[in-house]
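Asker: This is my_file.pdb (PDB, C-alpha atoms, pLDDT in the B column).
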ATOM      1  CA  MET A   1      44.216  95.876  32.986  1.00 49.00           C
ATOM      2  CA  SER A   2      47.550  94.226  33.837  1.00 50.00           C
ATOM      3  CA  ARG A   3      50.477  96.058  35.420  1.00 56.00           C
ATOM      4  CA  PHE A   4      52.456  95.612  32.185  1.00 55.00           C
ATOM      5  CA  SER A   5      49.649  97.159  30.116  1.00 52.00           C
ATOM      6  CA  ARG A   6      49.402 100.126  32.501  1.00 52.00           C
ATOM      7  CA  SER A   7      53.160 100.662  32.285  1.00 60.00           C
ATOM      8  CA  VAL A   8      53.110 100.625  28.478  1.00 63.00           C
ATOM      9  CA  LEU A   9      50.163 103.035  28.316  1.00 60.00           C
ATOM     10  CA  LYS A  10      51.839 105.338  30.830  1.00 66.00           C
ATOM     11  CA  VAL A  11      54.967 105.511  28.679  1.00 73.00           C
ATOM     12  CA  LEU A  12      52.926 106.173  25.538  1.00 75.00           C
ATOM     13  CA  LEU A  13      50.867 108.869  27.258  1.00 72.00           C
ATOM     14  CA  GLY A  14      54.042 110.474  28.571  1.00 76.00           C
ATOM     15  CA  VAL A  15      55.611 110.532  25.103  1.00 81.00           C
ATOM     16  CA  LEU A  16      52.436 112.031  23.628  1.00 80.00           C
ATOM     17  CA  MET A  17      52.290 114.794  26.243  1.00 82.00           C
ATOM     18  CA  ARG A  18      55.976 115.629  25.780  1.00 82.00           C
ATOM     19  CA  VAL A  19      55.553 115.888  22.008  1.00 84.00           C
ATOM     20  CA  LEU A  20      52.372 117.971  22.199  1.00 85.00           C
ATOM     21  CA  TYR A  21      53.224 120.300  25.073  1.00 86.00           C
ATOM     22  CA  ARG A  22      57.022 120.267  25.372  1.00 89.00           C
ATOM     23  CA  PRO A  23      56.773 121.414  29.019  1.00 91.00           C
ATOM     24  CA  VAL A  24      59.553 123.643  30.288  1.00 95.00           C
ATOM     25  CA  VAL A  25      60.926 122.316  33.577  1.00 96.00           C
ATOM     26  CA  GLU A  26      62.940 124.475  35.976  1.00 97.00           C
ATOM     27  CA  GLY A  27      64.685 123.387  39.161  1.00 98.00           C
ATOM     28  CA  VAL A  28      63.725 119.694  39.050  1.00 97.00           C
ATOM     29  CA  GLU A  29      67.219 118.888  40.357  1.00 97.00           C
ATOM     30  CA  SER A  30      66.000 120.229  43.721  1.00 97.00           C
ATOM     31  CA  ILE A  31      64.017 117.026  44.273  1.00 98.00           C
ATOM     32  CA  PRO A  32      66.093 114.528  46.308  1.00 97.00           C
ATOM     33  CA  GLY A  33      66.854 111.330  44.416  1.00 96.00           C
ATOM     34  CA  GLU A  34      65.760 109.137  47.303  1.00 96.00           C
ATOM     35  CA  GLY A  35      63.944 109.263  50.620  1.00 97.00           C
ATOM     36  CA  PRO A  36      60.628 110.867  51.587  1.00 98.00           C
ATOM     37  CA  VAL A  37      59.749 114.144  49.875  1.00 98.00           C
ATOM     38  CA  ILE A  38      56.663 116.351  49.944  1.00 98.00           C
ATOM     39  CA  LEU A  39      55.932 118.242  46.723  1.00 98.00           C
ATOM     40  CA  ALA A  40      53.636 121.171  47.510  1.00 98.00           C
ATOM     41  CA  GLY A  41      52.258 123.490  44.858  1.00 98.00           C
ATOM     42  CA  ASN A  42      49.456 125.482  43.347  1.00 98.00           C
ATOM     43  CA  HIS A  43      46.431 123.858  41.778  1.00 95.00           C
ATOM     44  CA  VAL A  44      44.846 125.658  38.843  1.00 93.00           C
ATOM     45  CA  THR A  45      43.319 122.872  36.791  1.00 90.00           C
ATOM     46  CA  PHE A  46      42.381 119.202  36.699  1.00 83.00           C
ATOM     47  CA  ILE A  47      45.413 118.112  34.686  1.00 86.00           C
ATOM     48  CA  ASP A  48      48.117 119.499  37.031  1.00 91.00           C
ATOM     49  CA  SER A  49      48.889 116.098  38.546  1.00 88.00           C
ATOM     50  CA  MET A  50      49.492 114.589  35.122  1.00 86.00           C
ATOM     51  CA  PHE A  51      52.113 117.188  34.256  1.00 91.00           C
ATOM     52  CA  LEU A  52      53.772 116.834  37.645  1.00 92.00           C
ATOM     53  CA  SER A  53      54.026 113.066  37.254  1.00 88.00           C
ATOM     54  CA  LEU A  54      55.386 113.576  33.737  1.00 87.00           C
ATOM     55  CA  VAL A  55      58.325 115.811  34.699  1.00 92.00           C
ATOM     56  CA  VAL A  56      59.405 114.083  37.935  1.00 93.00           C
ATOM     57  CA  LYS A  57      61.502 110.938  37.426  1.00 90.00           C
ATOM     58  CA  ARG A  58      60.423 109.313  40.684  1.00 92.00           C
ATOM     59  CA  GLN A  59      56.829 108.129  41.141  1.00 90.00           C
ATOM     60  CA  VAL A  60      54.665 110.811  42.738  1.00 93.00           C
ATOM     61  CA  TYR A  61      51.655 109.749  44.820  1.00 94.00           C
ATOM     62  CA  PHE A  62      48.554 111.868  45.395  1.00 91.00           C
ATOM     63  CA  ILE A  63      45.289 111.724  47.282  1.00 85.00           C
ATOM     64  CA  GLY A  64      42.132 111.788  45.152  1.00 77.00           C
ATOM     65  CA  LYS A  65      38.416 111.220  45.528  1.00 70.00           C
ATOM     66  CA  ASP A  66      37.522 107.534  45.470  1.00 66.00           C
ATOM     67  CA  GLU A  67      34.717 108.275  43.001  1.00 62.00           C
ATOM     68  CA  TYR A  68      37.380 108.778  40.316  1.00 59.00           C
ATOM     69  CA  VAL A  69      38.191 105.048  40.305  1.00 59.00           C
ATOM     70  CA  THR A  70      34.818 103.475  41.037  1.00 63.00           C
ATOM     71  CA  GLY A  71      32.996 104.291  37.804  1.00 64.00           C
ATOM     72  CA  LYS A  72      31.339 101.576  35.741  1.00 72.00           C
ATOM     73  CA  GLY A  73      31.799 100.536  32.124  1.00 73.00           C
ATOM     74  CA  VAL A  74      34.553 101.467  29.676  1.00 65.00           C
ATOM     75  CA  LYS A  75      34.607 105.109  30.740  1.00 59.00           C
ATOM     76  CA  GLY A  76      34.919 104.123  34.386  1.00 60.00           C
ATOM     77  CA  ARG A  77      37.808 101.764  33.667  1.00 68.00           C
ATOM     78  CA  LEU A  78      39.593 104.386  31.581  1.00 66.00           C
ATOM     79  CA  MET A  79      39.230 106.991  34.342  1.00 64.00           C
ATOM     80  CA  ALA A  80      40.482 104.502  36.935  1.00 66.00           C
ATOM     81  CA  TRP A  81      43.520 103.739  34.749  1.00 65.00           C
ATOM     82  CA  PHE A  82      44.187 107.429  34.139  1.00 66.00           C
ATOM     83  CA  PHE A  83      44.198 108.368  37.815  1.00 68.00           C
ATOM     84  CA  THR A  84      46.100 105.355  39.095  1.00 70.00           C
ATOM     85  CA  THR A  85      48.699 105.949  36.358  1.00 67.00           C
ATOM     86  CA  CYS A  86      49.153 109.442  37.795  1.00 69.00           C
ATOM     87  CA  GLY A  87      49.866 107.866  41.183  1.00 74.00           C
ATOM     88  CA  MET A  88      46.514 108.729  42.725  1.00 74.00           C
ATOM     89  CA  ILE A  89      45.477 106.883  45.873  1.00 78.00           C
ATOM     90  CA  PRO A  90      41.690 106.975  46.326  1.00 72.00           C
ATOM     91  CA  VAL A  91      40.345 108.201  49.666  1.00 77.00           C
ATOM     92  CA  ASP A  92      36.784 109.009  50.714  1.00 71.00           C
ATOM     93  CA  ARG A  93      37.392 112.689  51.363  1.00 61.00           C
ATOM     94  CA  ASP A  94      33.713 113.545  51.667  1.00 60.00           C
ATOM     95  CA  GLY A  95      33.195 111.439  54.784  1.00 55.00           C
ATOM     96  CA  GLY A  96      33.406 112.771  58.332  1.00 52.00           C
ATOM     97  CA  HIS A  97      36.969 111.489  58.686  1.00 59.00           C
ATOM     98  CA  GLY A  98      38.127 112.285  55.150  1.00 59.00           C
ATOM     99  CA  GLY A  99      40.779 114.769  56.274  1.00 76.00           C
ATOM    100  CA  VAL A 100      42.267 112.349  58.789  1.00 85.00           C
ATOM    101  CA  ALA A 101      42.288 109.527  56.224  1.00 85.00           C
ATOM    102  CA  ALA A 102      44.094 111.726  53.694  1.00 86.00           C
ATOM    103  CA  LEU A 103      46.648 112.815  56.309  1.00 90.00           C
ATOM    104  CA  MET A 104      47.354 109.258  57.444  1.00 91.00           C
ATOM    105  CA  THR A 105      47.670 108.063  53.844  1.00 91.00           C
ATOM    106  CA  GLY A 106      50.190 110.797  53.134  1.00 93.00           C
ATOM    107  CA  ARG A 107      52.136 109.876  56.248  1.00 95.00           C
ATOM    108  CA  ARG A 108      52.231 106.214  55.220  1.00 95.00           C
ATOM    109  CA  ILE A 109      53.598 107.106  51.782  1.00 96.00           C
ATOM    110  CA  LEU A 110      56.313 109.283  53.312  1.00 97.00           C
ATOM    111  CA  ASP A 111      57.194 106.674  55.938  1.00 96.00           C
ATOM    112  CA  GLU A 112      57.826 104.308  53.017  1.00 97.00           C
ATOM    113  CA  GLY A 113      60.395 106.752  51.637  1.00 97.00           C
ATOM    114  CA  LYS A 114      58.286 107.873  48.666  1.00 97.00           C
ATOM    115  CA  ILE A 115      57.201 111.200  47.162  1.00 97.00           C
ATOM    116  CA  PHE A 116      53.851 112.633  48.191  1.00 97.00           C
ATOM    117  CA  GLY A 117      52.319 115.417  46.106  1.00 96.00           C
ATOM    118  CA  ILE A 118      49.916 117.812  47.766  1.00 95.00           C
ATOM    119  CA  TYR A 119      48.005 120.964  46.874  1.00 96.00           C
ATOM    120  CA  PRO A 120      47.840 122.913  50.163  1.00 96.00           C
ATOM    121  CA  GLU A 121      44.913 125.032  48.923  1.00 96.00           C
ATOM    122  CA  GLY A 122      42.805 121.873  49.212  1.00 92.00           C
ATOM    123  CA  THR A 123      40.987 122.427  45.929  1.00 91.00           C
ATOM    124  CA  ARG A 124      41.502 124.030  42.519  1.00 92.00           C
ATOM    125  CA  SER A 125      41.707 127.799  42.419  1.00 95.00           C
ATOM    126  CA  PRO A 126      38.360 129.245  41.284  1.00 93.00           C
ATOM    127  CA  ASP A 127      39.926 132.212  39.483  1.00 93.00           C
ATOM    128  CA  GLY A 128      43.635 131.589  38.925  1.00 93.00           C
ATOM    129  CA  ARG A 129      44.779 133.304  42.120  1.00 96.00           C
ATOM    130  CA  LEU A 130      46.656 131.553  44.928  1.00 98.00           C
ATOM    131  CA  TYR A 131      44.649 130.946  48.082  1.00 98.00           C
ATOM    132  CA  ARG A 132      45.463 130.308  51.736  1.00 98.00           C
ATOM    133  CA  GLY A 133      47.016 126.908  52.433  1.00 98.00           C
ATOM    134  CA  ARG A 134      45.548 124.373  54.807  1.00 96.00           C
ATOM    135  CA  THR A 135      47.797 123.133  57.586  1.00 96.00           C
ATOM    136  CA  GLY A 136      47.816 119.452  56.584  1.00 95.00           C
ATOM    137  CA  ILE A 137      51.047 120.146  54.710  1.00 96.00           C
ATOM    138  CA  ALA A 138      52.646 121.385  57.937  1.00 97.00           C
ATOM    139  CA  ARG A 139      51.457 118.375  59.924  1.00 96.00           C
ATOM    140  CA  LEU A 140      52.956 116.018  57.359  1.00 97.00           C
ATOM    141  CA  THR A 141      56.401 117.582  57.275  1.00 97.00           C
ATOM    142  CA  LEU A 142      56.587 117.896  61.075  1.00 97.00           C
ATOM    143  CA  MET A 143      55.344 114.338  61.706  1.00 96.00           C
ATOM    144  CA  THR A 144      57.658 112.700  59.172  1.00 97.00           C
ATOM    145  CA  GLY A 145      60.641 115.033  58.900  1.00 97.00           C
ATOM    146  CA  ALA A 146      60.274 114.958  55.099  1.00 98.00           C
ATOM    147  CA  PRO A 147      61.550 118.067  53.293  1.00 98.00           C
ATOM    148  CA  VAL A 148      59.061 120.159  51.354  1.00 98.00           C
ATOM    149  CA  VAL A 149      59.901 121.033  47.753  1.00 98.00           C
ATOM    150  CA  PRO A 150      57.576 123.829  46.559  1.00 98.00           C
ATOM    151  CA  PHE A 151      56.486 123.830  42.933  1.00 98.00           C
ATOM    152  CA  ALA A 152      54.376 125.924  40.593  1.00 98.00           C
ATOM    153  CA  MET A 153      52.271 125.049  37.583  1.00 97.00           C
ATOM    154  CA  VAL A 154      52.289 127.867  35.027  1.00 96.00           C
ATOM    155  CA  GLY A 155      50.074 127.691  31.942  1.00 94.00           C
ATOM    156  CA  THR A 156      48.074 124.560  32.767  1.00 92.00           C
ATOM    157  CA  ASP A 157      45.003 126.753  33.230  1.00 90.00           C
ATOM    158  CA  LYS A 158      45.246 127.525  29.502  1.00 90.00           C
ATOM    159  CA  VAL A 159      45.496 123.824  28.680  1.00 90.00           C
ATOM    160  CA  GLN A 160      42.269 123.026  30.496  1.00 82.00           C
ATOM    161  CA  PRO A 161      40.382 126.225  31.447  1.00 80.00           C
ATOM    162  CA  GLY A 162      38.070 125.702  34.391  1.00 72.00           C
ATOM    163  CA  GLY A 163      39.359 122.151  34.784  1.00 65.00           C
ATOM    164  CA  LYS A 164      36.832 120.804  32.289  1.00 69.00           C
ATOM    165  CA  GLY A 165      36.607 119.805  28.646  1.00 71.00           C
ATOM    166  CA  MET A 166      39.230 118.420  26.307  1.00 76.00           C
ATOM    167  CA  PRO A 167      42.788 119.689  26.926  1.00 80.00           C
ATOM    168  CA  ARG A 168      44.096 122.328  24.515  1.00 85.00           C
ATOM    169  CA  ILE A 169      47.641 122.875  23.293  1.00 88.00           C
ATOM    170  CA  ALA A 170      49.332 125.672  25.258  1.00 88.00           C
ATOM    171  CA  PRO A 171      52.785 126.370  26.741  1.00 91.00           C
ATOM    172  CA  VAL A 172      53.358 124.812  30.172  1.00 94.00           C
ATOM    173  CA  THR A 173      56.118 125.507  32.675  1.00 96.00           C
ATOM    174  CA  VAL A 174      56.714 123.558  35.891  1.00 97.00           C
ATOM    175  CA  ARG A 175      59.016 125.262  38.414  1.00 98.00           C
ATOM    176  CA  PHE A 176      60.538 123.705  41.520  1.00 98.00           C
ATOM    177  CA  GLY A 177      62.080 125.581  44.419  1.00 98.00           C
ATOM    178  CA  ARG A 178      64.775 124.504  46.838  1.00 98.00           C
ATOM    179  CA  PRO A 179      63.841 121.986  49.562  1.00 98.00           C
ATOM    180  CA  LEU A 180      62.459 123.543  52.745  1.00 98.00           C
ATOM    181  CA  ASP A 181      63.590 122.073  56.067  1.00 97.00           C
ATOM    182  CA  PHE A 182      61.332 122.554  59.086  1.00 97.00           C
ATOM    183  CA  SER A 183      63.286 120.438  61.571  1.00 95.00           C
ATOM    184  CA  ARG A 184      63.547 123.512  63.823  1.00 96.00           C
ATOM    185  CA  TYR A 185      59.913 122.839  64.728  1.00 96.00           C
ATOM    186  CA  ASP A 186      60.470 119.185  65.620  1.00 93.00           C
ATOM    187  CA  GLY A 187      57.877 117.924  68.122  1.00 92.00           C
ATOM    188  CA  MET A 188      55.572 120.903  67.575  1.00 95.00           C
ATOM    189  CA  ASP A 189      53.110 119.321  65.133  1.00 93.00           C
ATOM    190  CA  ARG A 190      50.202 120.096  67.494  1.00 94.00           C
ATOM    191  CA  ASP A 191      50.972 123.789  67.895  1.00 97.00           C
ATOM    192  CA  ARG A 192      48.472 125.623  65.702  1.00 96.00           C
ATOM    193  CA  TYR A 193      50.640 128.733  65.469  1.00 98.00           C
ATOM    194  CA  VAL A 194      53.596 126.700  64.262  1.00 98.00           C
ATOM    195  CA  LEU A 195      51.382 124.826  61.789  1.00 98.00           C
ATOM    196  CA  ARG A 196      50.127 128.126  60.362  1.00 98.00           C
ATOM    197  CA  ALA A 197      53.648 129.586  60.177  1.00 98.00           C
ATOM    198  CA  VAL A 198      54.993 126.531  58.327  1.00 98.00           C
ATOM    199  CA  THR A 199      52.041 126.489  55.916  1.00 98.00           C
ATOM    200  CA  ASP A 200      52.347 130.211  55.178  1.00 98.00           C
ATOM    201  CA  GLU A 201      56.078 129.833  54.519  1.00 98.00           C
ATOM    202  CA  VAL A 202      55.397 127.061  52.004  1.00 98.00           C
ATOM    203  CA  MET A 203      52.699 129.125  50.286  1.00 98.00           C
ATOM    204  CA  SER A 204      55.028 132.138  50.120  1.00 98.00           C
ATOM    205  CA  HIS A 205      57.534 130.069  48.139  1.00 98.00           C
ATOM    206  CA  VAL A 206      54.786 128.721  45.861  1.00 98.00           C
ATOM    207  CA  MET A 207      53.617 132.296  45.208  1.00 98.00           C
ATOM    208  CA  LYS A 208      57.135 133.416  44.236  1.00 98.00           C
ATOM    209  CA  LEU A 209      57.471 130.484  41.843  1.00 98.00           C
ATOM    210  CA  SER A 210      54.033 130.899  40.243  1.00 98.00           C
ATOM    211  CA  GLY A 211      53.778 134.686  40.162  1.00 97.00           C
ATOM    212  CA  GLN A 212      50.133 134.434  41.225  1.00 97.00           C
ATOM    213  CA  GLU A 213      48.268 137.030  43.227  1.00 97.00           C
ATOM    214  CA  TYR A 214      47.805 135.769  46.796  1.00 97.00           C
ATOM    215  CA  VAL A 215      44.434 135.842  48.574  1.00 96.00           C
ATOM    216  CA  ASP A 216      44.439 135.219  52.337  1.00 95.00           C
ATOM    217  CA  ILE A 217      41.214 133.221  52.483  1.00 96.00           C
ATOM    218  CA  TYR A 218      40.501 129.565  51.744  1.00 96.00           C
ATOM    219  CA  ALA A 219      39.642 128.682  48.147  1.00 94.00           C
ATOM    220  CA  THR A 220      36.555 126.778  49.332  1.00 92.00           C
ATOM    221  CA  LYS A 221      35.208 129.987  50.890  1.00 91.00           C
ATOM    222  CA  ALA A 222      35.855 131.886  47.656  1.00 90.00           C
ATOM    223  CA  LYS A 223      33.998 129.209  45.673  1.00 88.00           C
ATOM    224  CA  ALA A 224      31.055 129.342  48.052  1.00 87.00           C
ATOM    225  CA  ALA A 225      30.862 133.102  47.671  1.00 79.00           C
TER     226      ALA A 225
END
Can you present the structure in this file as structure tokens?

Answerer:
Amino acid sequence: MSRFSRSVLKVLLGVLMRVLYRPVVEGVESIPGEGPVILAGNHVTFIDSMFLSLVVKRQVYFIGKDEYVTGKGVKGRLMAWFFTTCGMIPVDRDGGHGGVAALMTGRRILDEGKIFGIYPEGTRSPDGRLYRGRTGIARLTLMTGAPVVPFAMVGTDKVQPGGKGMPRIAPVTVRFGRPLDFSRYDGMDRDRYVLRAVTDEVMSHVMKLSGQEYVDIYATKAKAA
């Protein structure tokens, strides 16, 4: 599929989603109009990234599993188009160095002055609650100096319950908080206590925006249990 065709389909998909869902957007003016920015928020369902890309004027880039863009046949090509349209960059996250690869990819995007979207929980919430953030978000902001703009997806879990099946029509709100500056921790990106403090501060802002109950364990542990 050519770049022109992808652009046209992206516009059409965006128009369709705006007509169907009419998402309410709050605080989007908090996102700087230029320069590197980290968008950090909750992750309740599969379609969150699509709504985020829809309401932010600048292109948002994400990390995603490479299996999403390597499928065969018509379905595989459609999935690859869908995810790349959302700004997804495929990374083998299941390998032994998946976390490092994701971190370095995020740093590259920010060094290029772009927007990097991240879900600090590391996976979708298994039950709608907000779980403990992983410190990759802290490493990124301290390594690059990029501000963190917290955001919250509200209602997307009703659009696609459990992250599976065809999306339903339901009200969606996307809230953005004010940019968070962590320059006071400059040069401390290897201090685990600082990394935890920065991550917890980001998650506290996400919790206030989303209104979710907070659980101080990792979502992966909750899923395993």

Asker: Set out as CSV a contact list for region 4-70 of chain A and region 139-155 of chain A with a cut-off of 7 Å, giving each residue of region 4-70 of chain A that qualifies its closest atom pair and distance in Å to one decimal, counting all atoms listed in the file, ordered by chain and rising residue number.

Answerer:
residue,atom,partner,partner_atom,distance
A:Ile31,CA,A:Val149,CA,6.7
A:Pro36,CA,A:Ala146,CA,5.4
A:Val37,CA,A:Ala146,CA,5.3
A:Ile38,CA,A:Val148,CA,4.7
A:Leu39,CA,A:Val149,CA,5.0
A:Ala40,CA,A:Pro150,CA,4.8
A:Gly41,CA,A:Phe151,CA,4.7
A:Asn42,CA,A:Ala152,CA,5.7
A:Asp48,CA,A:Met153,CA,7.0

Asker: Which residues are close to region 201-215 of chain A, i.e. within 12 Å by only C-alpha atoms, leaving aside same-chain residues fewer than 4 positions away? Reply as an NGL selection string.

Answerer: :A and (26-27 or 38-44 or 118-121 or 125-138 or 141 or 147-156 or 172-182 or 194-197 or 219 or 221-222)

Asker: So how far away is CA of Ser53 (chain A) from CA of Val91 (chain A), in Å?

Answerer: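 Result for CA of Val91 (chain A) versus CA of Ser53 (chain A): 19.1 Å, one decimal.
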
Asker: Between CA of Met166 (chain A) and CA of Asp92 (chain A), what is the spacing in Å?

Answerer: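 CA of Met166 (chain A) lies 26.3 Å from CA of Asp92 (chain A).
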
Asker: For a quick check of understanding, using only C-alpha atoms, which of A:Val55, A:Gly35, A:Ala224, A:Ile47 has the smallest distance to Gly165 (chain A)?

Answerer: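 Looking only at the distances to Gly165 (chain A), the closest residue turns out to be A:Ile47.
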
Asker: Measuring atom to atom with all atoms listed in the file, identify which of A:Thr199, A:Ser30, A:Thr105, A:Ser183 is nearest to Phe62 (chain A).

Answerer: A:Thr105
